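> Before I ask anything, here is the structure I am working with.
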Amino acid sequence: MDEKLIDAVIFDLDGVITDTAHYHFLAWRELAREVDIDIDEVFNERLKGVSRMASLELILQEGNRQNDFTLREKETMAEKKNQHYCQFLKHLTPQDILPGIVELITAIKSAGLPIGLASVSRNASTVLNALQLEDTFDYVVDASKVKKSKPDPEIFLTACKQLSADPKRSIGIEDASAGIDSIKASDMFAVGVGNTLFKSDYRVDATNELNWEVISAEYKKWIEIKSVR
Ligand code: BG6
Ligand code: MG
């Protein structure tokens with residue numbers, strides 16, 4: 001397709017570039033058990049793309065313990081979860097880049113398009129370094145650069161702005177429901193990775209199905225439909 005129709009492609013990190021979404025889950029589950037709350041993978045879908053403190057609040061609500069801790073205690077709990085999570089990150093290597101991602105990035109770069117990263121994680125640079133992807137993205141927006149977490153559009157809009165991209169002509173790729181909402185609130189084309197992301201403009205079950213030819217063709221259909229409305 002004519003790639004001039006696309007300004008930029010912005011990737012989420014956890015769960016799209018690498019399977020750290022699972023490590024976040026394991027770390028939260030361990031922390032939750034310490035305060036007698038059980039969480040499972042179904043509940044975990046609600047934590048994806050959500051900031052650290054907001055995730056803790058959702059877990060405490062799930063266990064009906066939202067009024068049982070002071071802010072200081074909650075900060076200590078969030079820090080403890082992060083320590084569990086960082087133990088997993090120590091073992092992360094470039095082998096942990098999810099299937100299809102390197103090929104997708106290569107195809108987008110070959111098309112001459114800029115790529116960005118939009119992650120609300122404060123560990124984003126540690127993860128990128130471990131995967132040896134620190135120089136891959138033209139611009140990285142992490143938790144330090146935005147005030148609001150997904151589903152607010154701030155993070156994707158910031159990435160587009162820094163890449164001189166019009167959001168209406170840009171693509172976002174996400175594995176989280178909050179992330180898809182953030183992309184849609186930015187007026188971008190939303191690519192979802194996961195079998196529950198029905199608000200996506202185009203959806204696959206897993207990263208190995210992400211194919212640039214198909215994504216750009218789906219984007220083109222979306223742009224054409226929008227222009228005749
Ligand atoms: C997001 C993850 O990328 O980052 C969330 O999807 C996580 O699960 C959030 O809570 C914040 O991450 P961190 O590393 O700052 O605790
Ligand atoms: Mg994610």
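Residue numbers start at 1 in each chain; chains themselves are named A, B, ... in the order of the structure tokens; ligands are numbered from 1 in the order shown.
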Can I get the residues close to ligand 1 as number ranges by chain, where close means within 6 Å and we count only C-alpha atoms and all ligand atoms?

A: 14, 21, 24, 47-52, 55, 82, 119-123

> Let me see the file: selected residues, N, CA and C atoms, as a short mmCIF file (atom, residue, chain, number, x, y, z; two decimals), in the first residue's frame.


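Below is the file out07.cif, written as the result:
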data_model
loop_
_atom_site.label_atom_id
_atom_site.label_comp_id
_atom_site.auth_asym_id
_atom_site.auth_seq_id
_atom_site.Cartn_x
_atom_site.Cartn_y
_atom_site.Cartn_z
N ASP A 14 4.83 -3.84 27.45
CA ASP A 14 4.53 -5.06 28.22
C ASP A 14 3.40 -5.85 27.56
N ALA A 21 3.98 -8.78 30.67
CA ALA A 21 2.62 -8.71 31.25
C ALA A 21 2.42 -9.90 32.20
N HIS A 24 4.32 -9.20 35.43
CA HIS A 24 3.55 -8.27 36.28
C HIS A 24 2.49 -9.05 37.05
N LEU A 47 -5.76 -5.32 34.90
CA LEU A 47 -4.55 -4.61 35.37
C LEU A 47 -3.64 -4.20 34.22
N LYS A 48 -3.83 -4.83 33.07
CA LYS A 48 -2.93 -4.57 31.94
C LYS A 48 -3.05 -3.11 31.50
N GLY A 49 -1.90 -2.47 31.33
CA GLY A 49 -1.87 -1.09 30.86
C GLY A 49 -2.16 -0.06 31.95
N VAL A 50 -2.44 -0.56 33.16
CA VAL A 50 -2.82 0.34 34.27
C VAL A 50 -1.58 0.60 35.14
N SER A 51 -1.44 1.81 35.65
CA SER A 51 -0.23 2.17 36.41
C SER A 51 -0.10 1.33 37.69
N ARG A 52 1.08 1.39 38.29
CA ARG A 52 1.36 0.55 39.46
C ARG A 52 0.38 0.80 40.61
N SER A 55 -3.18 -0.18 39.81
CA SER A 55 -3.33 -1.64 39.83
C SER A 55 -3.53 -2.12 41.26
N ASN A 82 7.07 -4.33 43.06
CA ASN A 82 8.09 -3.98 42.06
C ASN A 82 9.37 -4.78 42.27
N SER A 119 4.64 3.32 26.93
CA SER A 119 4.47 2.41 28.05
C SER A 119 4.32 3.19 29.35
N VAL A 120 3.32 2.85 30.17
CA VAL A 120 3.16 3.55 31.45
C VAL A 120 4.07 2.96 32.53
N SER A 121 4.94 2.02 32.13
CA SER A 121 5.83 1.39 33.12
C SER A 121 7.02 2.27 33.46
N ARG A 122 7.33 2.30 34.76
CA ARG A 122 8.55 3.01 35.19
C ARG A 122 9.78 2.14 34.95
N ASN A 123 9.55 0.90 34.55
CA ASN A 123 10.66 -0.02 34.24
C ASN A 123 10.92 -0.14 32.74
#

> Can you write out as a Markdown table which residues of chain A fall within 10 Å of ligand 2, alongside each residue's closest atom pair and its distance in Å to one decimal, counting only C-alpha atoms and all ligand atoms and ordering rows by chain and ascending residue number?


| residue | atom | partner | partner_atom_place_in_ligand_line | distance |
| --- | --- | --- | --- | --- |
| A:Phe11 | CA | ligand 2 | 1 (Mg) | 9.0 |
| A:Asp12 | CA | ligand 2 | 1 (Mg) | 5.5 |
| A:Leu13 | CA | ligand 2 | 1 (Mg) | 5.7 |
| A:Asp14 | CA | ligand 2 | 1 (Mg) | 4.1 |
| A:Gly15 | CA | ligand 2 | 1 (Mg) | 4.5 |
| A:Val16 | CA | ligand 2 | 1 (Mg) | 6.0 |
| A:Ile17 | CA | ligand 2 | 1 (Mg) | 8.5 |
| A:Thr18 | CA | ligand 2 | 1 (Mg) | 9.0 |
| A:Asp19 | CA | ligand 2 | 1 (Mg) | 8.8 |
| A:Thr20 | CA | ligand 2 | 1 (Mg) | 8.3 |
| A:Ala21 | CA | ligand 2 | 1 (Mg) | 6.3 |
| A:His22 | CA | ligand 2 | 1 (Mg) | 9.9 |
| A:Glu45 | CA | ligand 2 | 1 (Mg) | 9.9 |
| A:Leu47 | CA | ligand 2 | 1 (Mg) | 9.4 |
| A:Lys48 | CA | ligand 2 | 1 (Mg) | 5.7 |
| A:Gly49 | CA | ligand 2 | 1 (Mg) | 5.1 |
| A:Val50 | CA | ligand 2 | 1 (Mg) | 8.7 |
| A:Ala118 | CA | ligand 2 | 1 (Mg) | 9.3 |
| A:Ser119 | CA | ligand 2 | 1 (Mg) | 7.5 |
| A:Val120 | CA | ligand 2 | 1 (Mg) | 8.9 |
| A:Ser121 | CA | ligand 2 | 1 (Mg) | 9.4 |
| A:Ile173 | CA | ligand 2 | 1 (Mg) | 9.0 |
| A:Glu174 | CA | ligand 2 | 1 (Mg) | 5.9 |
| A:Asp175 | CA | ligand 2 | 1 (Mg) | 4.9 |
| A:Ala176 | CA | ligand 2 | 1 (Mg) | 5.2 |
| A:Ser177 | CA | ligand 2 | 1 (Mg) | 8.9 |
| A:Ala178 | CA | ligand 2 | 1 (Mg) | 8.9 |
| A:Gly179 | CA | ligand 2 | 1 (Mg) | 7.1 |
| A:Ile180 | CA | ligand 2 | 1 (Mg) | 9.7 |
| A:Val193 | CA | ligand 2 | 1 (Mg) | 9.2 |

> Grab the residues selected above and save them as a PDB file, in the first residue's frame with N, CA and C atoms.


ATOM      1  N   PHE A  11       4.084   1.411  19.511  1.00  0.00           N
ATOM      2  CA  PHE A  11       3.924   0.117  20.191  1.00  0.00           C
ATOM      3  C   PHE A  11       3.775   0.294  21.699  1.00  0.00           C
ATOM      4  N   ASP A  12       2.919  -0.532  22.284  1.00  0.00           N
ATOM      5  CA  ASP A  12       2.954  -0.748  23.727  1.00  0.00           C
ATOM      6  C   ASP A  12       4.144  -1.684  23.994  1.00  0.00           C
ATOM      7  N   LEU A  13       4.607  -1.751  25.242  1.00  0.00           N
ATOM      8  CA  LEU A  13       5.768  -2.592  25.564  1.00  0.00           C
ATOM      9  C   LEU A  13       5.353  -3.931  26.206  1.00  0.00           C
ATOM     10  N   ASP A  14       4.835  -3.840  27.448  1.00  0.00           N
ATOM     11  CA  ASP A  14       4.534  -5.055  28.222  1.00  0.00           C
ATOM     12  C   ASP A  14       3.403  -5.846  27.564  1.00  0.00           C
ATOM     13  N   GLY A  15       3.690  -7.041  27.086  1.00  0.00           N
ATOM     14  CA  GLY A  15       2.652  -7.874  26.484  1.00  0.00           C
ATOM     15  C   GLY A  15       2.591  -7.759  24.968  1.00  0.00           C
ATOM     16  N   VAL A  16       3.313  -6.789  24.403  1.00  0.00           N
ATOM     17  CA  VAL A  16       3.362  -6.662  22.932  1.00  0.00           C
ATOM     18  C   VAL A  16       4.785  -6.949  22.434  1.00  0.00           C
ATOM     19  N   ILE A  17       5.759  -6.258  23.006  1.00  0.00           N
ATOM     20  CA  ILE A  17       7.149  -6.471  22.591  1.00  0.00           C
ATOM     21  C   ILE A  17       7.709  -7.717  23.284  1.00  0.00           C
ATOM     22  N   THR A  18       7.306  -7.896  24.545  1.00  0.00           N
ATOM     23  CA  THR A  18       7.793  -9.041  25.330  1.00  0.00           C
ATOM     24  C   THR A  18       6.733  -9.427  26.359  1.00  0.00           C
ATOM     25  N   ASP A  19       6.845 -10.635  26.913  1.00  0.00           N
ATOM     26  CA  ASP A  19       5.766 -11.124  27.770  1.00  0.00           C
ATOM     27  C   ASP A  19       5.898 -10.686  29.228  1.00  0.00           C
ATOM     28  N   THR A  20       6.342  -9.476  29.463  1.00  0.00           N
ATOM     29  CA  THR A  20       6.438  -8.970  30.839  1.00  0.00           C
ATOM     30  C   THR A  20       5.061  -8.819  31.484  1.00  0.00           C
ATOM     31  N   ALA A  21       3.979  -8.781  30.670  1.00  0.00           N
ATOM     32  CA  ALA A  21       2.625  -8.708  31.251  1.00  0.00           C
ATOM     33  C   ALA A  21       2.423  -9.900  32.205  1.00  0.00           C
ATOM     34  N   HIS A  22       2.975 -11.056  31.838  1.00  0.00           N
ATOM     35  CA  HIS A  22       2.840 -12.236  32.699  1.00  0.00           C
ATOM     36  C   HIS A  22       3.654 -12.056  33.993  1.00  0.00           C
ATOM     37  N   GLU A  45      -6.550  -9.250  33.432  1.00  0.00           N
ATOM     38  CA  GLU A  45      -6.817  -8.469  32.205  1.00  0.00           C
ATOM     39  C   GLU A  45      -7.101  -7.012  32.558  1.00  0.00           C
ATOM     40  N   LEU A  47      -5.760  -5.316  34.902  1.00  0.00           N
ATOM     41  CA  LEU A  47      -4.552  -4.609  35.375  1.00  0.00           C
ATOM     42  C   LEU A  47      -3.644  -4.196  34.217  1.00  0.00           C
ATOM     43  N   LYS A  48      -3.833  -4.826  33.066  1.00  0.00           N
ATOM     44  CA  LYS A  48      -2.932  -4.566  31.941  1.00  0.00           C
ATOM     45  C   LYS A  48      -3.046  -3.107  31.496  1.00  0.00           C
ATOM     46  N   GLY A  49      -1.904  -2.472  31.331  1.00  0.00           N
ATOM     47  CA  GLY A  49      -1.872  -1.086  30.859  1.00  0.00           C
ATOM     48  C   GLY A  49      -2.161  -0.063  31.946  1.00  0.00           C
ATOM     49  N   VAL A  50      -2.442  -0.557  33.160  1.00  0.00           N
ATOM     50  CA  VAL A  50      -2.815   0.336  34.266  1.00  0.00           C
ATOM     51  C   VAL A  50      -1.579   0.595  35.139  1.00  0.00           C
ATOM     52  N   ALA A 118       5.016   3.467  23.691  1.00  0.00           N
ATOM     53  CA  ALA A 118       4.176   4.142  24.688  1.00  0.00           C
ATOM     54  C   ALA A 118       3.898   3.168  25.821  1.00  0.00           C
ATOM     55  N   SER A 119       4.641   3.321  26.930  1.00  0.00           N
ATOM     56  CA  SER A 119       4.467   2.406  28.055  1.00  0.00           C
ATOM     57  C   SER A 119       4.322   3.194  29.347  1.00  0.00           C
ATOM     58  N   VAL A 120       3.320   2.847  30.171  1.00  0.00           N
ATOM     59  CA  VAL A 120       3.158   3.546  31.447  1.00  0.00           C
ATOM     60  C   VAL A 120       4.070   2.958  32.533  1.00  0.00           C
ATOM     61  N   SER A 121       4.939   2.021  32.128  1.00  0.00           N
ATOM     62  CA  SER A 121       5.827   1.392  33.116  1.00  0.00           C
ATOM     63  C   SER A 121       7.016   2.274  33.457  1.00  0.00           C
ATOM     64  N   ILE A 173      -0.416  -0.204  18.716  1.00  0.00           N
ATOM     65  CA  ILE A 173      -0.511  -1.663  18.901  1.00  0.00           C
ATOM     66  C   ILE A 173      -0.497  -1.976  20.396  1.00  0.00           C
ATOM     67  N   GLU A 174      -1.500  -2.699  20.871  1.00  0.00           N
ATOM     68  CA  GLU A 174      -1.732  -2.886  22.302  1.00  0.00           C
ATOM     69  C   GLU A 174      -2.231  -4.285  22.651  1.00  0.00           C
ATOM     70  N   ASP A 175      -1.921  -4.739  23.878  1.00  0.00           N
ATOM     71  CA  ASP A 175      -2.489  -6.007  24.366  1.00  0.00           C
ATOM     72  C   ASP A 175      -3.489  -5.778  25.497  1.00  0.00           C
ATOM     73  N   ALA A 176      -3.719  -4.505  25.869  1.00  0.00           N
ATOM     74  CA  ALA A 176      -4.563  -4.222  27.031  1.00  0.00           C
ATOM     75  C   ALA A 176      -5.823  -3.480  26.618  1.00  0.00           C
ATOM     76  N   SER A 177      -6.906  -3.773  27.302  1.00  0.00           N
ATOM     77  CA  SER A 177      -8.158  -3.071  27.034  1.00  0.00           C
ATOM     78  C   SER A 177      -7.981  -1.566  27.296  1.00  0.00           C
ATOM     79  N   ALA A 178      -7.313  -1.221  28.409  1.00  0.00           N
ATOM     80  CA  ALA A 178      -7.069   0.205  28.713  1.00  0.00           C
ATOM     81  C   ALA A 178      -6.224   0.853  27.613  1.00  0.00           C
ATOM     82  N   GLY A 179      -5.335   0.077  27.016  1.00  0.00           N
ATOM     83  CA  GLY A 179      -4.473   0.581  25.944  1.00  0.00           C
ATOM     84  C   GLY A 179      -5.250   0.826  24.660  1.00  0.00           C
ATOM     85  N   ILE A 180      -6.156  -0.099  24.321  1.00  0.00           N
ATOM     86  CA  ILE A 180      -6.995   0.086  23.123  1.00  0.00           C
ATOM     87  C   ILE A 180      -7.861   1.343  23.321  1.00  0.00           C
ATOM     88  N   VAL A 193      -3.783  -7.083  20.333  1.00  0.00           N
ATOM     89  CA  VAL A 193      -3.189  -8.422  20.406  1.00  0.00           C
ATOM     90  C   VAL A 193      -3.814  -9.111  21.618  1.00  0.00           C
TER      91      VAL A 193
END

> Do you have the atom CA of Lys80 of chain A-atom CA of Ala27 of chain A distance handy?

8.9 Å

> Could you name the residues that touch segment 74-76 of chain A at 12 Å or less, counting only C-alpha atoms, but leaving out those on the same chain fewer than 2 positions away, as a PDB file with N, CA and C atoms, in the first residue's frame?


ATOM      1  N   LEU A  31       2.110 -10.588  45.776  1.00  0.00           N
ATOM      2  CA  LEU A  31       1.831  -9.501  46.729  1.00  0.00           C
ATOM      3  C   LEU A  31       0.406  -9.635  47.276  1.00  0.00           C
ATOM      4  N   ALA A  32      -0.549  -9.932  46.386  1.00  0.00           N
ATOM      5  CA  ALA A  32      -1.958 -10.039  46.797  1.00  0.00           C
ATOM      6  C   ALA A  32      -2.136 -11.154  47.834  1.00  0.00           C
ATOM      7  N   VAL A  35      -1.694 -10.335  51.409  1.00  0.00           N
ATOM      8  CA  VAL A  35      -2.795  -9.670  52.126  1.00  0.00           C
ATOM      9  C   VAL A  35      -4.113 -10.441  51.923  1.00  0.00           C
ATOM     10  N   ARG A  52       1.078   1.390  38.294  1.00  0.00           N
ATOM     11  CA  ARG A  52       1.364   0.547  39.458  1.00  0.00           C
ATOM     12  C   ARG A  52       0.381   0.803  40.606  1.00  0.00           C
ATOM     13  N   MET A  53       0.211   2.073  41.008  1.00  0.00           N
ATOM     14  CA  MET A  53      -0.662   2.362  42.155  1.00  0.00           C
ATOM     15  C   MET A  53      -2.133   2.091  41.829  1.00  0.00           C
ATOM     16  N   ALA A  54      -2.529   2.398  40.578  1.00  0.00           N
ATOM     17  CA  ALA A  54      -3.926   2.127  40.192  1.00  0.00           C
ATOM     18  C   ALA A  54      -4.185   0.620  40.182  1.00  0.00           C
ATOM     19  N   SER A  55      -3.179  -0.177  39.805  1.00  0.00           N
ATOM     20  CA  SER A  55      -3.326  -1.638  39.829  1.00  0.00           C
ATOM     21  C   SER A  55      -3.531  -2.122  41.263  1.00  0.00           C
ATOM     22  N   LEU A  56      -2.736  -1.573  42.190  1.00  0.00           N
ATOM     23  CA  LEU A  56      -2.866  -1.969  43.597  1.00  0.00           C
ATOM     24  C   LEU A  56      -4.274  -1.656  44.103  1.00  0.00           C
ATOM     25  N   GLU A  57      -4.783  -0.473  43.749  1.00  0.00           N
ATOM     26  CA  GLU A  57      -6.144  -0.103  44.193  1.00  0.00           C
ATOM     27  C   GLU A  57      -7.170  -1.109  43.680  1.00  0.00           C
ATOM     28  N   ILE A  59      -6.694  -4.242  42.949  1.00  0.00           N
ATOM     29  CA  ILE A  59      -6.525  -5.509  43.673  1.00  0.00           C
ATOM     30  C   ILE A  59      -7.160  -5.414  45.064  1.00  0.00           C
ATOM     31  N   LEU A  60      -6.927  -4.303  45.756  1.00  0.00           N
ATOM     32  CA  LEU A  60      -7.494  -4.143  47.100  1.00  0.00           C
ATOM     33  C   LEU A  60      -9.023  -4.108  47.039  1.00  0.00           C
ATOM     34  N   ARG A  65     -10.626  -4.788  50.435  1.00  0.00           N
ATOM     35  CA  ARG A  65      -9.715  -4.286  51.474  1.00  0.00           C
ATOM     36  C   ARG A  65      -9.248  -2.873  51.150  1.00  0.00           C
ATOM     37  N   GLN A  66     -10.049  -2.155  50.356  1.00  0.00           N
ATOM     38  CA  GLN A  66      -9.625  -0.825  49.891  1.00  0.00           C
ATOM     39  C   GLN A  66      -9.481   0.199  51.003  1.00  0.00           C
ATOM     40  N   ASN A  67     -10.121  -0.056  52.152  1.00  0.00           N
ATOM     41  CA  ASN A  67     -10.022   0.919  53.249  1.00  0.00           C
ATOM     42  C   ASN A  67      -9.116   0.434  54.380  1.00  0.00           C
ATOM     43  N   ASP A  68      -8.367  -0.633  54.140  1.00  0.00           N
ATOM     44  CA  ASP A  68      -7.615  -1.254  55.241  1.00  0.00           C
ATOM     45  C   ASP A  68      -6.178  -0.762  55.379  1.00  0.00           C
ATOM     46  N   PHE A  69      -5.694   0.066  54.441  1.00  0.00           N
ATOM     47  CA  PHE A  69      -4.270   0.437  54.470  1.00  0.00           C
ATOM     48  C   PHE A  69      -4.080   1.947  54.308  1.00  0.00           C
ATOM     49  N   THR A  70      -3.047   2.470  54.939  1.00  0.00           N
ATOM     50  CA  THR A  70      -2.715   3.893  54.770  1.00  0.00           C
ATOM     51  C   THR A  70      -1.971   4.053  53.443  1.00  0.00           C
ATOM     52  N   LEU A  71      -1.844   5.309  53.002  1.00  0.00           N
ATOM     53  CA  LEU A  71      -1.109   5.576  51.763  1.00  0.00           C
ATOM     54  C   LEU A  71       0.327   5.065  51.886  1.00  0.00           C
ATOM     55  N   ARG A  72       0.927   5.287  53.037  1.00  0.00           N
ATOM     56  CA  ARG A  72       2.314   4.830  53.276  1.00  0.00           C
ATOM     57  C   ARG A  72       2.405   3.298  53.110  1.00  0.00           C
ATOM     58  N   ALA A  78       3.323  -1.493  46.963  1.00  0.00           N
ATOM     59  CA  ALA A  78       3.632  -1.326  45.525  1.00  0.00           C
ATOM     60  C   ALA A  78       5.130  -1.504  45.284  1.00  0.00           C
ATOM     61  N   GLU A  79       5.933  -1.029  46.224  1.00  0.00           N
ATOM     62  CA  GLU A  79       7.384  -1.161  46.100  1.00  0.00           C
ATOM     63  C   GLU A  79       7.783  -2.647  46.197  1.00  0.00           C
ATOM     64  N   LYS A  80       7.106  -3.357  47.096  1.00  0.00           N
ATOM     65  CA  LYS A  80       7.388  -4.786  47.260  1.00  0.00           C
ATOM     66  C   LYS A  80       7.040  -5.554  45.985  1.00  0.00           C
ATOM     67  N   LYS A  81       5.891  -5.211  45.393  1.00  0.00           N
ATOM     68  CA  LYS A  81       5.520  -5.847  44.119  1.00  0.00           C
ATOM     69  C   LYS A  81       6.591  -5.563  43.077  1.00  0.00           C
ATOM     70  N   ASN A  82       7.074  -4.328  43.062  1.00  0.00           N
ATOM     71  CA  ASN A  82       8.085  -3.982  42.056  1.00  0.00           C
ATOM     72  C   ASN A  82       9.368  -4.780  42.273  1.00  0.00           C
ATOM     73  N   GLN A  83       9.693  -5.041  43.537  1.00  0.00           N
ATOM     74  CA  GLN A  83      10.898  -5.847  43.800  1.00  0.00           C
ATOM     75  C   GLN A  83      10.718  -7.274  43.268  1.00  0.00           C
TER      76      GLN A  83
END

> So that each row is one residue of segment 85-138 of chain A with an atom at most 12 Å from segment 211-224 of chain A, can you give its shortest atom pair and the distance in Å to one decimal, using only C-alpha atoms, rows by chain and rising number, as a Markdown table?


| residue | atom | partner | partner_atom | distance |
| --- | --- | --- | --- | --- |
| A:Pro99 | CA | A:Asn211 | CA | 11.2 |
| A:Gly100 | CA | A:Asn211 | CA | 7.8 |
| A:Ile101 | CA | A:Asn211 | CA | 9.2 |
| A:Val102 | CA | A:Asn211 | CA | 11.0 |
| A:Glu103 | CA | A:Asn211 | CA | 8.3 |
| A:Leu104 | CA | A:Trp212 | CA | 6.0 |
| A:Ile105 | CA | A:Trp212 | CA | 8.7 |
| A:Thr106 | CA | A:Trp212 | CA | 9.5 |
| A:Ala107 | CA | A:Trp212 | CA | 6.4 |
| A:Ile108 | CA | A:Trp212 | CA | 7.0 |
| A:Lys109 | CA | A:Trp212 | CA | 10.6 |
| A:Ser110 | CA | A:Trp212 | CA | 10.6 |
| A:Ala111 | CA | A:Trp212 | CA | 9.7 |
| A:Leu113 | CA | A:Ser216 | CA | 11.7 |

> What's the 7 Å shell around segment 5-8 of chain A, counting only C-alpha atoms, without same-chain residues fewer than 2 positions away, as a PDB file with C-alpha atoms, in the first residue's frame?


ATOM      1  CA  ASP A   2       0.952   3.653  -0.215  1.00  0.00           C
ATOM      2  CA  GLU A   3       2.828   4.134   3.046  1.00  0.00           C
ATOM      3  CA  ILE A  10       3.397   3.318  18.195  1.00  0.00           C
ATOM      4  CA  LEU A 113       8.030   4.978   8.902  1.00  0.00           C
ATOM      5  CA  PRO A 114       8.992   6.185  12.376  1.00  0.00           C
ATOM      6  CA  ILE A 115       8.174   3.928  15.316  1.00  0.00           C
ATOM      7  CA  ALA A 165       2.732  12.398  13.439  1.00  0.00           C
ATOM      8  CA  ASP A 166      -0.964  13.185  13.062  1.00  0.00           C
ATOM      9  CA  ARG A 169      -2.912   8.929  10.421  1.00  0.00           C
ATOM     10  CA  SER A 170      -1.107   6.760  12.981  1.00  0.00           C
ATOM     11  CA  ILE A 171      -1.334   3.204  14.280  1.00  0.00           C
TER      12      ILE A 171
END

> Would you give me, as a count of residues only, the residues in segment 10-222 of chain A that DSSP reads as strand (DSSP E or B)?

25

> Just the residues within 10 Å of Glu154 of chain A, please, counting only C-alpha atoms, with nothing from its chain fewer than 5 positions along; format it as a PyMOL selection string.

chain A and resi 118+145-149+159-160+182-183+185-186

> Atoms to include: N, CA, C and O atoms. Write the selected residues as a compact mmCIF listing (two decimals), in the first residue's frame.


# COMPACT_ATOMS: atom_id res chain seq x y z
N ALA A 118 5.02 3.47 23.69
CA ALA A 118 4.18 4.14 24.69
C ALA A 118 3.90 3.17 25.82
O ALA A 118 3.06 2.28 25.68
N LYS A 145 7.18 10.60 31.56
CA LYS A 145 6.86 11.69 30.63
C LYS A 145 5.37 12.03 30.56
O LYS A 145 5.00 12.94 29.82
N VAL A 146 4.54 11.28 31.27
CA VAL A 146 3.10 11.58 31.23
C VAL A 146 2.51 11.66 32.63
O VAL A 146 3.04 11.07 33.57
N LYS A 147 1.41 12.41 32.73
CA LYS A 147 0.74 12.54 34.04
C LYS A 147 -0.35 11.48 34.19
O LYS A 147 -0.61 11.01 35.28
N LYS A 148 -0.99 11.14 33.05
CA LYS A 148 -2.15 10.24 33.15
C LYS A 148 -1.83 8.87 32.54
O LYS A 148 -1.17 8.78 31.51
N SER A 149 -2.37 7.84 33.20
CA SER A 149 -2.16 6.47 32.72
C SER A 149 -3.17 6.15 31.62
O SER A 149 -4.16 6.86 31.46
N ALA A 159 3.44 10.56 22.16
CA ALA A 159 4.33 9.85 21.22
C ALA A 159 4.14 10.39 19.80
O ALA A 159 5.12 10.66 19.09
N CYS A 160 2.88 10.56 19.38
CA CYS A 160 2.61 11.10 18.03
C CYS A 160 3.24 12.48 17.87
O CYS A 160 3.92 12.76 16.86
N SER A 182 -7.12 3.93 25.07
CA SER A 182 -6.21 5.08 24.94
C SER A 182 -5.95 5.40 23.46
O SER A 182 -5.98 6.56 23.04
N ILE A 183 -5.74 4.36 22.66
CA ILE A 183 -5.50 4.56 21.21
C ILE A 183 -6.74 5.14 20.54
O ILE A 183 -6.66 6.10 19.76
N ALA A 185 -9.16 6.81 21.95
CA ALA A 185 -9.39 8.19 22.42
C ALA A 185 -8.42 9.17 21.75
O ALA A 185 -8.65 10.37 21.74
N SER A 186 -7.35 8.63 21.18
CA SER A 186 -6.38 9.46 20.44
C SER A 186 -6.76 9.59 18.96
O SER A 186 -6.04 10.22 18.19

> Quick one, how far is atom CA of Pro151 of chain A from atom CA of Lys184 of chain A?

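Interatomic distance here is 9.1 Å.
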
> Quick check, in Å to one decimal: how far apart do atom CA of Leu98 of chain A and atom CA of Ala206 of chain A lie?

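Interatomic distance, atom CA of Leu98 of chain A to atom CA of Ala206 of chain A: 9.1 Å.
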
> Out of A:Phe189, A:Phe198, A:Tyr85, A:Trp28, which residue has the shortest atom-to-atom distance to Pro167 of chain A when counting only C-alpha atoms?

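Smallest separation from Pro167 of chain A among the options: A:Phe189.
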
> Using only C-alpha atoms, can you tell me which of A:Pro94, A:Met77, A:Arg46, A:Val9 comes closest to Ser164 of chain A?

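Of all the options, A:Val9 lies closest to Ser164 of chain A.
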